[in-house]
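Let me begin by presenting the structure, written as structure tokens, before commenting on it.
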Amino acid sequence: MEQRSPPRPRPATPDDGSAGPLQPRFDWALFLDIDGTLLHITDAPELAEVSDHLRAVLAALLPRFEGAIALISGRRLDSIDRLFAPLRLPAAGLHGLEHRGPNGDVRRLGAPEALDPWRDALAAFARDNPGVTLEDKGRAVALHYRRAPENAAAARHLVGQLMARHGSGLRVIDGKMVLEIKPALADKGHAVRGFLAEPPFRGRRPVFIGDDTTDEDAFAVVNALGGDSICVGDRPGTHARFRLADVDAVVAWLDAMPAALDRLEPRKHRR
């Protein structure tokens, strides 16, 4: 039987920058990936910076959605907080292995020792291949080769070998110039569902914006729940139903959202 590819995502905003086919609503719960979505991807995660403008944009949206905004990232929670300080939003780190709800309570899944059999081999590969770096996040590890893309095939081969020997209960995420290994206990889709089970997210329409492989789990969940999924960039095969061109388009769209919401009548979703 012939298999059909997913439909090509529609733009969330048209070229003229006005509020396009995806109009903001007061009953949204807004879920945002960070790297590649809110921030341009850098050669190393520690080089990323959050502008005062982006902080102001997010702060302006919080009261419109009654606090129902969360960051969902492959970064650890402490890394997210350092980036966005003094702004401190509900957040899921490590693709859902860490979860901090609106009340500040943190839940963690997985154990760092589950990746002990991987660490020495990945560290040796990074040492032997200039430009490759190993990011150890405790409950997950990531092998970055953005500065040495010629090592992609060798990196995938090594990770495949390690999965065959030590992969029980783990998952490999093949992202943008990075291979990430983590416990298969949670993903960004689980993170979205977790937030939607607690106030102020409960009962709202989920909207997720992301750009990479790891965001597909969230797109699938949001679609199943009747929400809106938005892919950043032109990624083939995405399950997202809408598209924004790049990081700058995402920030501009979010920046315009308070004014668009304030024009809505009646404001029945404001409580």
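We label chains A, B, ... in the order they appear in the structure tokens, count residues from 1 in each chain, and number ligands from 1 in the order shown.
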
Mind checking which residues fall within 6 Å of range 180-189 of chain A, counting only C-alpha atoms, ignoring those fewer than 3 positions away in the same chain, and posting them as number ranges by chain?
A: 95-97, 140-142, 169-173, 192, 217-218, 221

If you run DSSP on the backbone here, which positions in range 27-239 of chain A get strand (DSSP E)? Please write them as number ranges by chain.
A: 28-32, 69-72, 91-93, 98-100, 106-108, 133-136, 141-144, 170-175, 178-183, 205-210, 228-232

Residues near Leu134 in chain A, anyone? I mean within 10 Å using only C-alpha atoms, not counting same-chain ones fewer than 6 positions away, as a ChimeraX atom specification.
/A:119,122-127,141-145,178-180

Next, the residues of the selection above should be written as a PDB file, in the first residue's frame with N, CA and C atoms.
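Saved result, result_27.pdb, follows:
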```pdb
ATOM      1  N   ARG A 119      30.191   6.786  28.671  1.00  0.00           N
ATOM      2  CA  ARG A 119      30.948   8.030  28.841  1.00  0.00           C
ATOM      3  C   ARG A 119      32.390   7.933  28.346  1.00  0.00           C
ATOM      4  N   LEU A 122      32.570   7.747  24.401  1.00  0.00           N
ATOM      5  CA  LEU A 122      32.208   9.002  23.753  1.00  0.00           C
ATOM      6  C   LEU A 122      33.262  10.076  24.011  1.00  0.00           C
ATOM      7  N   ALA A 123      33.801  10.113  25.228  1.00  0.00           N
ATOM      8  CA  ALA A 123      34.848  11.086  25.545  1.00  0.00           C
ATOM      9  C   ALA A 123      36.092  10.830  24.708  1.00  0.00           C
ATOM     10  N   ALA A 124      36.453   9.566  24.518  1.00  0.00           N
ATOM     11  CA  ALA A 124      37.620   9.232  23.707  1.00  0.00           C
ATOM     12  C   ALA A 124      37.401   9.637  22.253  1.00  0.00           C
ATOM     13  N   PHE A 125      36.197   9.420  21.748  1.00  0.00           N
ATOM     14  CA  PHE A 125      35.893   9.816  20.368  1.00  0.00           C
ATOM     15  C   PHE A 125      36.027  11.331  20.216  1.00  0.00           C
ATOM     16  N   ALA A 126      35.532  12.079  21.196  1.00  0.00           N
ATOM     17  CA  ALA A 126      35.637  13.537  21.137  1.00  0.00           C
ATOM     18  C   ALA A 126      37.096  13.984  21.192  1.00  0.00           C
ATOM     19  N   ARG A 127      37.904  13.342  22.018  1.00  0.00           N
ATOM     20  CA  ARG A 127      39.333  13.703  22.106  1.00  0.00           C
ATOM     21  C   ARG A 127      40.061  13.414  20.802  1.00  0.00           C
ATOM     22  N   VAL A 141      23.544  12.372  27.665  1.00  0.00           N
ATOM     23  CA  VAL A 141      24.810  12.822  27.094  1.00  0.00           C
ATOM     24  C   VAL A 141      24.569  13.161  25.627  1.00  0.00           C
ATOM     25  N   ALA A 142      25.330  14.147  25.141  1.00  0.00           N
ATOM     26  CA  ALA A 142      25.140  14.597  23.752  1.00  0.00           C
ATOM     27  C   ALA A 142      26.498  14.728  23.082  1.00  0.00           C
ATOM     28  N   LEU A 143      26.628  14.130  21.921  1.00  0.00           N
ATOM     29  CA  LEU A 143      27.845  14.208  21.130  1.00  0.00           C
ATOM     30  C   LEU A 143      27.609  15.211  20.000  1.00  0.00           C
ATOM     31  N   HIS A 144      28.263  16.377  20.102  1.00  0.00           N
ATOM     32  CA  HIS A 144      28.071  17.456  19.127  1.00  0.00           C
ATOM     33  C   HIS A 144      29.181  17.399  18.070  1.00  0.00           C
ATOM     34  N   TYR A 145      28.797  17.509  16.802  1.00  0.00           N
ATOM     35  CA  TYR A 145      29.803  17.519  15.738  1.00  0.00           C
ATOM     36  C   TYR A 145      29.566  18.675  14.768  1.00  0.00           C
ATOM     37  N   VAL A 178      23.988  16.692  16.193  1.00  0.00           N
ATOM     38  CA  VAL A 178      24.185  16.172  17.542  1.00  0.00           C
ATOM     39  C   VAL A 178      23.503  14.815  17.656  1.00  0.00           C
ATOM     40  N   LEU A 179      24.140  13.930  18.398  1.00  0.00           N
ATOM     41  CA  LEU A 179      23.550  12.651  18.763  1.00  0.00           C
ATOM     42  C   LEU A 179      23.385  12.648  20.277  1.00  0.00           C
ATOM     43  N   GLU A 180      22.153  12.508  20.714  1.00  0.00           N
ATOM     44  CA  GLU A 180      21.888  12.566  22.152  1.00  0.00           C
ATOM     45  C   GLU A 180      21.372  11.222  22.628  1.00  0.00           C
TER      46      GLU A 180
END
```

I want to know what sits within 10 Å of Thr37 in chain A, based on only C-alpha atoms, with residues of the same chain fewer than 3 positions away left out; could you give that as number ranges by chain?
A: 32-34, 40-41, 209-212, 231-233, 244, 246-251

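For the atom pair formed by CA of Phe84 in chain A and CA of Leu254 in chain A, the distance is 16.1 Å, given to one decimal.
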
Which residues, written as a PyMOL selection string, have at least one atom at most 10 Å from Glu66 in chain A, with only C-alpha atoms counted and residues fewer than 2 positions away on the same chain left out?
chain A and resi 26-29+61-64+68-69+199-201+270-271

Calculate how many Å separate CA of Gly227 in chain A from CA of Pro258 in chain A, rounding to one decimal.
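Between CA of Gly227 in chain A and CA of Pro258 in chain A the gap works out to 19.5 Å.
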
Using only C-alpha atoms, find the one residue out of A:Ala252, A:Leu115, A:Val159, A:Ala91 that sits nearest to Asn103 in chain A.
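When distances to Asn103 in chain A are compared using only C-alpha atoms, the smallest one comes from A:Ala91.
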
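Candidate residues A:Pro117, A:Pro102, A:Ser73, A:Ala44 were compared for distance to Val132 in chain A, and the nearest is A:Ala44, using only C-alpha atoms.
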
Residues at most 10 Å from Leu196 in chain A, counting only C-alpha atoms, excluding those fewer than 6 positions away in the same chain, as a PDB file with all heavy atoms, in the first residue's frame?
```pdb
ATOM      1  N   ALA A  29      -2.256  27.224  25.776  1.00  0.00           N
ATOM      2  CA  ALA A  29      -1.114  26.886  26.632  1.00  0.00           C
ATOM      3  C   ALA A  29       0.081  26.819  25.690  1.00  0.00           C
ATOM      4  O   ALA A  29       0.101  26.004  24.768  1.00  0.00           O
ATOM      5  CB  ALA A  29      -1.327  25.552  27.339  1.00  0.00           C
ATOM      6  N   ALA A  68       0.354  30.340  31.575  1.00  0.00           N
ATOM      7  CA  ALA A  68       0.420  29.039  30.909  1.00  0.00           C
ATOM      8  C   ALA A  68       1.430  29.059  29.758  1.00  0.00           C
ATOM      9  O   ALA A  68       1.088  28.872  28.587  1.00  0.00           O
ATOM     10  CB  ALA A  68      -0.955  28.625  30.413  1.00  0.00           C
ATOM     11  N   HIS A 190       5.563  13.639  26.430  1.00  0.00           N
ATOM     12  CA  HIS A 190       5.216  13.392  27.827  1.00  0.00           C
ATOM     13  C   HIS A 190       5.247  14.695  28.619  1.00  0.00           C
ATOM     14  O   HIS A 190       4.407  14.917  29.504  1.00  0.00           O
ATOM     15  CB  HIS A 190       6.201  12.395  28.447  1.00  0.00           C
ATOM     16  CG  HIS A 190       6.063  10.995  27.966  1.00  0.00           C
ATOM     17  ND1 HIS A 190       6.852  10.464  26.980  1.00  0.00           N
ATOM     18  CD2 HIS A 190       5.210   9.997  28.325  1.00  0.00           C
ATOM     19  CE1 HIS A 190       6.516   9.212  26.752  1.00  0.00           C
ATOM     20  NE2 HIS A 190       5.511   8.897  27.555  1.00  0.00           N
ATOM     21  N   ARG A 202      -4.034  23.285  32.572  1.00  0.00           N
ATOM     22  CA  ARG A 202      -5.147  22.357  32.439  1.00  0.00           C
ATOM     23  C   ARG A 202      -6.338  23.030  31.755  1.00  0.00           C
ATOM     24  O   ARG A 202      -6.730  24.141  32.103  1.00  0.00           O
ATOM     25  CB  ARG A 202      -5.559  21.846  33.814  1.00  0.00           C
ATOM     26  CG  ARG A 202      -6.645  20.773  33.766  1.00  0.00           C
ATOM     27  CD  ARG A 202      -7.133  20.410  35.147  1.00  0.00           C
ATOM     28  NE  ARG A 202      -6.063  19.803  35.932  1.00  0.00           N
ATOM     29  CZ  ARG A 202      -5.776  20.143  37.192  1.00  0.00           C
ATOM     30  NH1 ARG A 202      -6.449  21.105  37.785  1.00  0.00           N
ATOM     31  NH2 ARG A 202      -4.811  19.532  37.839  1.00  0.00           N
ATOM     32  N   GLY A 203      -6.925  22.325  30.789  1.00  0.00           N
ATOM     33  CA  GLY A 203      -8.109  22.812  30.101  1.00  0.00           C
ATOM     34  C   GLY A 203      -7.829  23.769  28.957  1.00  0.00           C
ATOM     35  O   GLY A 203      -8.768  24.225  28.293  1.00  0.00           O
ATOM     36  N   ARG A 204      -6.554  24.061  28.701  1.00  0.00           N
ATOM     37  CA  ARG A 204      -6.209  24.990  27.626  1.00  0.00           C
ATOM     38  C   ARG A 204      -5.829  24.235  26.345  1.00  0.00           C
ATOM     39  O   ARG A 204      -5.543  23.043  26.380  1.00  0.00           O
ATOM     40  CB  ARG A 204      -5.055  25.892  28.065  1.00  0.00           C
ATOM     41  CG  ARG A 204      -5.472  26.924  29.096  1.00  0.00           C
ATOM     42  CD  ARG A 204      -4.294  27.777  29.565  1.00  0.00           C
ATOM     43  NE  ARG A 204      -4.793  28.951  30.281  1.00  0.00           N
ATOM     44  CZ  ARG A 204      -5.065  30.108  29.733  1.00  0.00           C
ATOM     45  NH1 ARG A 204      -4.875  30.293  28.439  1.00  0.00           N
ATOM     46  NH2 ARG A 204      -5.518  31.116  30.448  1.00  0.00           N
ATOM     47  N   ARG A 205      -5.813  24.958  25.254  1.00  0.00           N
ATOM     48  CA  ARG A 205      -5.460  24.403  23.944  1.00  0.00           C
ATOM     49  C   ARG A 205      -3.935  24.443  23.798  1.00  0.00           C
ATOM     50  O   ARG A 205      -3.331  25.527  23.809  1.00  0.00           O
ATOM     51  CB  ARG A 205      -6.123  25.226  22.848  1.00  0.00           C
ATOM     52  CG  ARG A 205      -5.829  24.764  21.416  1.00  0.00           C
ATOM     53  CD  ARG A 205      -6.427  25.754  20.421  1.00  0.00           C
ATOM     54  NE  ARG A 205      -6.199  25.370  19.042  1.00  0.00           N
ATOM     55  CZ  ARG A 205      -7.056  24.674  18.307  1.00  0.00           C
ATOM     56  NH1 ARG A 205      -8.205  24.288  18.850  1.00  0.00           N
ATOM     57  NH2 ARG A 205      -6.793  24.359  17.058  1.00  0.00           N
ATOM     58  N   PRO A 206      -3.269  23.289  23.647  1.00  0.00           N
ATOM     59  CA  PRO A 206      -1.807  23.284  23.581  1.00  0.00           C
ATOM     60  C   PRO A 206      -1.284  23.768  22.232  1.00  0.00           C
ATOM     61  O   PRO A 206      -1.811  23.412  21.177  1.00  0.00           O
ATOM     62  CB  PRO A 206      -1.445  21.816  23.805  1.00  0.00           C
ATOM     63  CG  PRO A 206      -2.631  21.060  23.291  1.00  0.00           C
ATOM     64  CD  PRO A 206      -3.836  21.927  23.602  1.00  0.00           C
TER      65      PRO A 206
END
```

Run DSSP on the backbone and give me the residues of range 2-131 of chain A it puts in helix (DSSP H, G or I), as a PyMOL selection string.
chain A and resi 45-47+52-64+77-84+94-96+112-128
